[in-house]
$ cat protein_27.cif   # mmCIF, C-alpha atoms
data_structure
loop_
_atom_site.label_atom_id
_atom_site.label_comp_id
_atom_site.auth_asym_id
_atom_site.auth_seq_id
_atom_site.Cartn_x
_atom_site.Cartn_y
_atom_site.Cartn_z
CA MET A 1319 -19.23 3.13 -28.24
CA ARG A 1320 -16.58 2.67 -30.92
CA SER A 1321 -13.82 2.64 -28.30
CA LEU A 1322 -15.64 -0.05 -26.29
CA VAL A 1323 -16.04 -2.23 -29.38
CA GLY A 1324 -12.36 -1.78 -30.21
CA LEU A 1325 -11.29 -2.74 -26.69
CA ILE A 1326 -13.49 -5.84 -26.73
CA ALA A 1327 -12.03 -6.84 -30.09
CA VAL A 1328 -8.48 -6.52 -28.72
CA VAL A 1329 -9.33 -8.56 -25.60
CA VAL A 1330 -11.02 -11.31 -27.65
CA ALA A 1331 -8.13 -11.51 -30.13
CA ALA A 1332 -5.53 -11.69 -27.34
CA SER A 1333 -7.57 -14.32 -25.47
CA LEU A 1334 -7.91 -16.50 -28.58
CA TYR A 1335 -4.18 -16.22 -29.26
CA LEU A 1336 -3.25 -17.21 -25.71
CA TYR A 1337 -5.77 -20.07 -25.67
CA SER A 1338 -4.53 -21.46 -28.99
CA LEU A 1339 -0.93 -21.17 -27.78
CA SER A 1340 -1.76 -23.13 -24.63
CA LEU A 1341 -3.39 -25.86 -26.74
CA TYR A 1342 -0.29 -26.25 -28.90
CA LEU A 1343 1.68 -28.40 -26.51
CA PRO A 1344 4.82 -29.89 -28.10
CA PRO A 1345 5.66 -33.55 -27.48
CA ALA A 1346 6.78 -34.14 -23.91
CA PRO A 1347 10.53 -34.68 -23.53
CA GLN A 1348 11.73 -38.08 -22.38
CA ARG A 1349 12.10 -38.29 -18.61
CA ARG A 1350 15.66 -39.16 -17.64
CA SER A 1351 15.43 -41.49 -14.72
CA HIS A 1352 16.85 -44.81 -13.61
CA ALA A 1353 13.43 -46.39 -13.53
CA THR A 1354 12.76 -49.44 -15.67
CA SER A 1355 11.43 -49.00 -19.18
CA GLU A 1356 8.24 -50.77 -18.11
CA THR A 1357 7.57 -48.13 -15.44
CA ALA A 1358 8.36 -45.31 -17.84
CA GLU A 1359 5.92 -46.66 -20.42
CA SER A 1360 3.15 -46.86 -17.85
CA GLU A 1361 3.77 -43.29 -16.64
CA GLN A 1362 4.06 -41.49 -19.97
CA PRO A 1363 0.41 -41.73 -21.12
CA THR A 1364 -0.74 -40.38 -17.76
CA ASP A 1365 1.58 -37.37 -18.04
CA SER A 1366 0.58 -36.53 -21.59
CA SER A 1367 -3.12 -36.73 -20.80
CA GLU A 1368 -2.85 -34.51 -17.72
CA GLU A 1369 -0.43 -31.86 -18.94
CA PRO A 1370 -2.76 -29.84 -21.20
CA GLY A 1371 -5.27 -29.41 -18.36
CA ARG A 1372 -2.62 -27.90 -16.10
CA LEU A 1373 -1.85 -24.96 -18.37
CA LYS A 1374 -3.78 -22.27 -16.57
CA PHE A 1375 -2.98 -19.21 -14.48
CA PRO A 1376 -2.04 -20.31 -10.93
CA SER A 1377 -4.28 -19.07 -8.13
CA ASP A 1378 -2.32 -20.41 -5.14
CA LEU A 1379 1.15 -21.68 -4.25
CA GLU A 1380 0.24 -25.33 -4.80
CA GLU A 1381 -0.92 -24.68 -8.37
CA LEU A 1382 2.14 -22.50 -8.86
CA ARG A 1383 4.48 -25.29 -7.79
CA LYS A 1384 2.80 -27.81 -10.11
CA LEU A 1385 2.92 -25.42 -13.05
CA ALA A 1386 6.59 -24.63 -12.37
CA GLU A 1387 7.44 -28.34 -12.36
CA LEU A 1388 5.57 -28.87 -15.62
CA LEU A 1389 7.22 -25.94 -17.41
CA GLN A 1390 10.66 -26.87 -16.07
CA PHE A 1391 10.08 -30.33 -17.50
CA TYR A 1392 9.14 -28.91 -20.91
CA LYS A 1393 11.95 -26.34 -20.84
CA THR A 1394 14.59 -29.07 -21.09
CA GLU A 1395 13.77 -29.61 -24.79
CA HIS A 1396 11.27 -26.84 -25.68
CA THR A 1397 12.82 -23.67 -24.26
CA GLY A 1398 11.46 -21.47 -27.04
CA TYR A 1399 7.89 -22.63 -26.52
CA VAL A 1400 8.05 -22.17 -22.73
CA LEU A 1401 9.54 -18.70 -23.15
CA LEU A 1402 6.89 -17.67 -25.70
CA LEU A 1403 4.06 -19.04 -23.56
CA PHE A 1404 5.32 -17.34 -20.41
CA CYS A 1405 5.87 -13.97 -22.13
CA SER A 1406 2.44 -14.11 -23.78
CA ALA A 1407 0.66 -14.96 -20.52
CA TYR A 1408 2.53 -12.25 -18.61
CA LEU A 1409 1.81 -9.54 -21.20
CA TYR A 1410 -1.84 -10.61 -21.30
CA LYS A 1411 -2.21 -10.10 -17.56
CA GLN A 1412 -0.32 -6.81 -17.47
CA SER A 1413 -1.93 -5.30 -20.56
CA PHE A 1414 -5.48 -5.86 -19.31
CA ALA A 1415 -4.70 -5.09 -15.65
CA ILE A 1416 -5.58 -8.61 -14.44
CA PRO A 1417 -4.43 -9.28 -10.85
CA GLY A 1418 -1.91 -12.04 -10.19
CA SER A 1419 1.36 -10.82 -11.69
CA SER A 1420 3.16 -11.69 -8.45
CA PHE A 1421 2.55 -15.41 -9.15
CA LEU A 1422 4.08 -15.01 -12.60
CA ASN A 1423 7.10 -13.22 -11.13
CA ILE A 1424 7.59 -16.12 -8.73
CA LEU A 1425 7.15 -18.51 -11.65
CA ALA A 1426 9.85 -16.64 -13.59
CA GLY A 1427 12.33 -17.25 -10.77
CA ALA A 1428 11.39 -20.93 -10.51
CA ILE A 1429 11.70 -21.57 -14.26
CA PHE A 1430 14.43 -19.24 -15.50
CA GLY A 1431 16.58 -18.70 -12.40
CA PRO A 1432 17.52 -15.55 -10.46
CA TYR A 1433 19.19 -13.49 -13.20
CA GLU A 1434 17.26 -14.38 -16.35
CA GLY A 1435 14.05 -14.49 -14.31
CA LEU A 1436 14.60 -11.00 -12.89
CA LEU A 1437 15.46 -9.52 -16.28
CA LEU A 1438 12.44 -11.18 -17.84
CA ALA A 1439 10.09 -10.03 -15.07
CA CYS A 1440 11.32 -6.42 -15.26
CA VAL A 1441 11.08 -6.25 -19.06
CA LEU A 1442 7.65 -7.90 -19.21
CA THR A 1443 6.29 -5.75 -16.37
CA THR A 1444 7.45 -2.61 -18.16
CA VAL A 1445 6.24 -3.64 -21.61
CA GLY A 1446 2.91 -4.92 -20.27
CA SER A 1447 2.29 -1.75 -18.26
CA THR A 1448 3.12 0.35 -21.31
CA MET A 1449 0.66 -1.67 -23.38
CA CYS A 1450 -1.97 -1.00 -20.70
CA TYR A 1451 -1.05 2.71 -20.96
CA LEU A 1452 -1.55 2.63 -24.73
CA LEU A 1453 -4.84 0.71 -24.51
CA SER A 1454 -6.16 3.22 -22.01
CA GLN A 1455 -5.03 6.09 -24.22
CA ALA A 1456 -6.74 4.57 -27.27
CA PHE A 1457 -9.93 3.13 -25.79
CA GLY A 1458 -10.44 3.85 -22.10
CA LYS A 1459 -10.03 7.53 -21.23
CA HIS A 1460 -13.74 8.32 -21.10
CA TYR A 1461 -14.64 5.23 -19.05
CA ILE A 1462 -11.85 5.63 -16.50
CA VAL A 1463 -12.74 9.28 -15.86
CA ASN A 1464 -16.39 8.31 -15.39
CA LEU A 1465 -15.60 5.37 -13.09
CA PHE A 1466 -12.94 7.07 -10.93
CA PRO A 1467 -13.50 10.85 -11.19
CA ASP A 1468 -12.13 11.70 -7.72
CA LYS A 1469 -9.01 9.57 -8.03
CA VAL A 1470 -8.22 10.86 -11.51
CA SER A 1471 -8.63 14.51 -10.48
CA MET A 1472 -6.49 14.02 -7.36
CA LEU A 1473 -3.73 12.31 -9.35
CA GLN A 1474 -3.92 15.08 -11.97
CA ARG A 1475 -3.41 17.69 -9.26
CA LYS A 1476 -0.41 15.89 -7.75
CA VAL A 1477 1.19 15.46 -11.19
CA GLU A 1478 0.80 19.18 -11.87
CA GLU A 1479 2.28 20.07 -8.49
CA ASN A 1480 5.35 17.89 -9.13
CA GLN A 1481 6.04 18.81 -12.76
CA ASP A 1482 9.58 19.95 -11.89
CA CYS A 1483 10.53 16.50 -10.60
CA LEU A 1484 7.87 14.35 -12.24
CA PHE A 1485 10.10 11.32 -12.80
CA PHE A 1486 11.00 11.05 -9.10
CA PHE A 1487 7.34 11.52 -8.20
CA LEU A 1488 6.47 8.56 -10.43
CA LEU A 1489 9.22 6.50 -8.81
CA PHE A 1490 7.80 7.37 -5.40
CA LEU A 1491 4.36 6.17 -6.49
CA ARG A 1492 5.86 2.83 -7.55
CA PHE A 1493 7.90 2.34 -4.37
CA PHE A 1494 5.15 3.60 -2.03
CA PRO A 1495 1.90 3.20 -3.99
CA MET A 1496 -0.80 5.64 -2.89
CA THR A 1497 -2.91 4.20 -5.71
CA PRO A 1498 -2.83 0.63 -7.12
CA ASN A 1499 -0.40 0.00 -9.96
CA TRP A 1500 -3.20 -1.03 -12.31
CA PHE A 1501 -4.95 2.30 -11.77
CA LEU A 1502 -1.74 4.25 -12.29
CA ASN A 1503 -1.12 2.36 -15.55
CA MET A 1504 -4.57 3.19 -16.89
CA SER A 1505 -4.79 6.78 -15.65
CA ALA A 1506 -1.26 7.86 -16.67
CA PRO A 1507 -2.22 8.95 -20.22
CA ILE A 1508 -5.27 10.78 -18.86
CA VAL A 1509 -3.18 12.96 -16.52
CA ASN A 1510 -0.62 13.66 -19.28
CA ILE A 1511 2.31 11.62 -17.98
CA PRO A 1512 4.81 11.27 -20.86
CA ILE A 1513 5.21 7.68 -21.99
CA THR A 1514 9.02 7.86 -21.69
CA PHE A 1515 8.80 8.87 -18.02
CA PHE A 1516 6.15 6.22 -17.48
CA PHE A 1517 8.23 3.47 -19.13
CA CYS A 1518 11.41 4.19 -17.18
CA SER A 1519 9.62 4.69 -13.85
CA VAL A 1520 7.91 1.29 -14.16
CA PHE A 1521 11.18 -0.49 -14.97
CA ILE A 1522 13.09 1.10 -12.07
CA GLY A 1523 10.26 1.55 -9.59
CA LEU A 1524 9.04 -2.07 -9.66
CA LEU A 1525 12.55 -3.55 -9.64
CA PRO A 1526 12.58 -4.26 -5.86
CA TYR A 1527 9.15 -5.88 -6.00
CA ASN A 1528 10.14 -8.03 -8.98
CA PHE A 1529 13.41 -8.92 -7.26
CA ILE A 1530 11.62 -10.20 -4.15
CA CYS A 1531 9.13 -12.25 -6.18
CA VAL A 1532 11.79 -13.78 -8.43
CA GLN A 1533 14.02 -14.69 -5.48
CA THR A 1534 11.01 -16.27 -3.79
CA GLY A 1535 10.48 -18.40 -6.90
CA VAL A 1536 14.13 -19.45 -6.92
CA MET A 1537 13.94 -20.48 -3.28
CA LEU A 1538 10.66 -22.37 -3.75
CA SER A 1539 12.18 -24.34 -6.61
CA GLU A 1540 15.19 -25.30 -4.46
CA VAL A 1541 13.45 -25.98 -1.14
CA SER A 1542 12.31 -29.57 -0.62
CA SER A 1543 11.79 -29.54 3.15
CA LEU A 1544 11.44 -27.21 6.14
CA ASP A 1545 15.07 -27.92 7.07
CA ASP A 1546 16.16 -26.42 3.73
CA LEU A 1547 13.96 -23.38 4.32
CA PHE A 1548 15.43 -22.56 7.74
CA SER A 1549 19.07 -23.25 6.95
CA TRP A 1550 21.62 -20.51 7.59
CA GLU A 1551 22.29 -20.15 3.87
CA ARG A 1552 18.59 -19.60 3.16
CA LEU A 1553 18.18 -17.13 6.03
CA LEU A 1554 21.16 -15.10 4.79
CA GLN A 1555 19.63 -15.06 1.31
CA LEU A 1556 16.34 -13.75 2.74
CA LEU A 1557 18.22 -11.04 4.65
CA ALA A 1558 20.08 -9.98 1.49
CA VAL A 1559 16.81 -9.88 -0.47
CA ALA A 1560 15.21 -7.66 2.21
CA CYS A 1561 18.16 -5.24 2.22
CA MET A 1562 18.29 -5.01 -1.58
CA ALA A 1563 14.56 -4.34 -1.74
CA LEU A 1564 14.49 -1.70 1.03
CA LEU A 1565 17.51 0.36 -0.06
CA PRO A 1566 16.04 1.97 -3.22
CA GLY A 1567 12.81 2.77 -1.39
CA ALA A 1568 14.69 4.43 1.46
CA LEU A 1569 16.65 6.61 -0.97
CA ILE A 1570 13.52 7.67 -2.85
CA ARG A 1571 11.69 8.40 0.40
CA HIS A 1572 14.58 10.58 1.60
CA TYR A 1573 14.53 12.49 -1.70
CA SER A 1574 10.75 12.87 -1.64
CA GLN A 1575 10.73 14.45 1.80
CA ARG A 1576 12.97 17.22 0.51
CA HIS A 1577 11.74 17.84 -3.02
CA LEU A 1578 8.29 16.35 -3.69
CA LYS A 1579 4.89 17.73 -2.75
CA LEU A 1580 3.29 14.66 -1.26
CA ASP A 1581 0.58 13.81 1.22
CA VAL A 1582 1.27 11.87 4.36
CA HIS A 1583 -1.93 9.82 4.65
CA SER A 1584 -4.31 8.25 2.21
CA GLN A 1585 -7.82 6.98 2.79
CA ASN A 1586 -9.60 4.49 0.50
CA GLY A 1587 -7.00 5.07 -2.19
CA LEU A 1588 -7.49 8.87 -2.11
CA ILE A 1589 -4.81 11.26 -0.95
CA THR A 1590 -5.50 13.70 1.84
CA ASN A 1591 -4.50 17.33 1.92
CA LYS A 1592 -1.69 17.11 4.47
CA LYS A 1593 1.63 18.09 2.91
CA VAL A 1594 5.11 16.84 3.73
CA GLN A 1595 7.17 19.76 4.93
#
$ encode --input "protein_27.cif" --output "structure tokens"
Amino acid sequence: MRSLVGLIAVVVAASLYLYSLSLYLPPAPQRRSHATSETAESEQPTDSSEEPGRLKFPSDLEELRKLAELLQFYKTEHTGYVLLLFCSAYLYKQSFAIPGSSFLNILAGAIFGPYEGLLLACVLTTVGSTMCYLLSQAFGKHYIVNLFPDKVSMLQRKVEENQDCLFFFLLFLRFFPMTPNWFLNMSAPIVNIPITFFFCSVFIGLLPYNFICVQTGVMLSEVSSLDDLFSWERLLQLLAVACMALLPGALIRHYSQRHLKLDVHSQNGLITNKKVQ
């Protein structure tokens, strides 16, 4: 009971912090356009009245595009605030295993560009997953075992079987997830996965996924029509993204077939008893 109260207190405190941060909206920067001053004056009150209502987690691509445009607008003069807000929202989602991190990865590419966006997404994914690990270790062990007894016991068995190459086993789980990432984050301390192995495997293992999402965000921010989307330059970029994302997974899969004790099929998130020879 004490652990449940502690977890609720952490969630409430984090939610209040994020809500208060979203309410603190700095003054909107001046739009630089060639429109007349009369037009600008008529547009500014509308923008300032609508902007606070738009600060919410995106649930589809249309909301994502609107939020990206808003934050890009604010980033011109309030980079620190946009960075703090983005990092806080990302860590909130990752720490409490809330779905939708892919939208935030895409948003990172749209706002911060391909290089800063990728670095930011990788760091925040790793830190957020580690915070989820620590929250589970402190408050959630008993509840997770009770809710998912079969999955936890199966993961425990596979971790024990691959103790000699545990880090590569964790990388395999990230590249080819046999269980959802949120479950792996929460169950890792229960099955005695060292936090150092966990931290590094998240950073490296989710790099291709983050790379694809960030590049998607970069392309969405640059594309203004279907002609732009199907240009030769864009198609070559998509091909390069696909190759970069598939290469690490192919190498890990080749290694796993030789060294790891893995199962070929999984049903309903549970691993069967067929072994890779």
$ resolve_selection --input "protein_27.cif" --expression "the PyMOL selection byres ((chain A and resi 1466) around 12)" --output "PyMOL selection string"
chain A and resi 1458-1465+1467-1473+1497+1501-1502+1504-1505+1508+1587-1588
$ resolve_selection --input "protein_27.cif" --expression "the PyMOL selection byres ((chain A and resi 1389-1398) around 9)" --output "MDAnalysis selection string"
chainID A and resid 1344:1347 1349 1384:1388 1399:1403 1428:1430
$ resolve_selection --input "protein_27.cif" --expression "the PyMOL selection byres ((chain A and resi 1510) around 12)" --output "PyMOL selection string"
chain A and resi 1451+1455+1459+1470-1471+1473-1478+1481+1484+1502-1509+1511-1516
$ atom_distance --input "protein_27.cif" --atom1 "CA of Tyr1410 (chain A)" --atom2 "CA of Gly1446 (chain A)"
7.5 Å
$ residues_around --input "protein_27.cif" --residues "region 1529-1533 of chain A" --least-positions-apart "6" --cutoff "8 Å" --atoms "all atoms listed in the file" --output "VMD selection string"
chain A and resid 1420 to 1421 1423 to 1428 1431 to 1432 1435 to 1436 1439 1559 to 1560 1563
$ atom_distance --input "protein_27.cif" --atom1 "CA of Met1449 (chain A)" --atom2 "CA of Ser1419 (chain A)"
14.9 Å
$ atom_distance --input "protein_27.cif" --atom1 "CA of Leu1409 (chain A)" --atom2 "CA of Thr1444 (chain A)"
9.4 Å
$ closest_residue --input "protein_27.cif" --among "A:Leu1341, A:Ala1332, A:Leu1422, A:Leu1525" --to "Pro1376 (chain A)" --atoms "all atoms listed in the file"
A:Leu1422
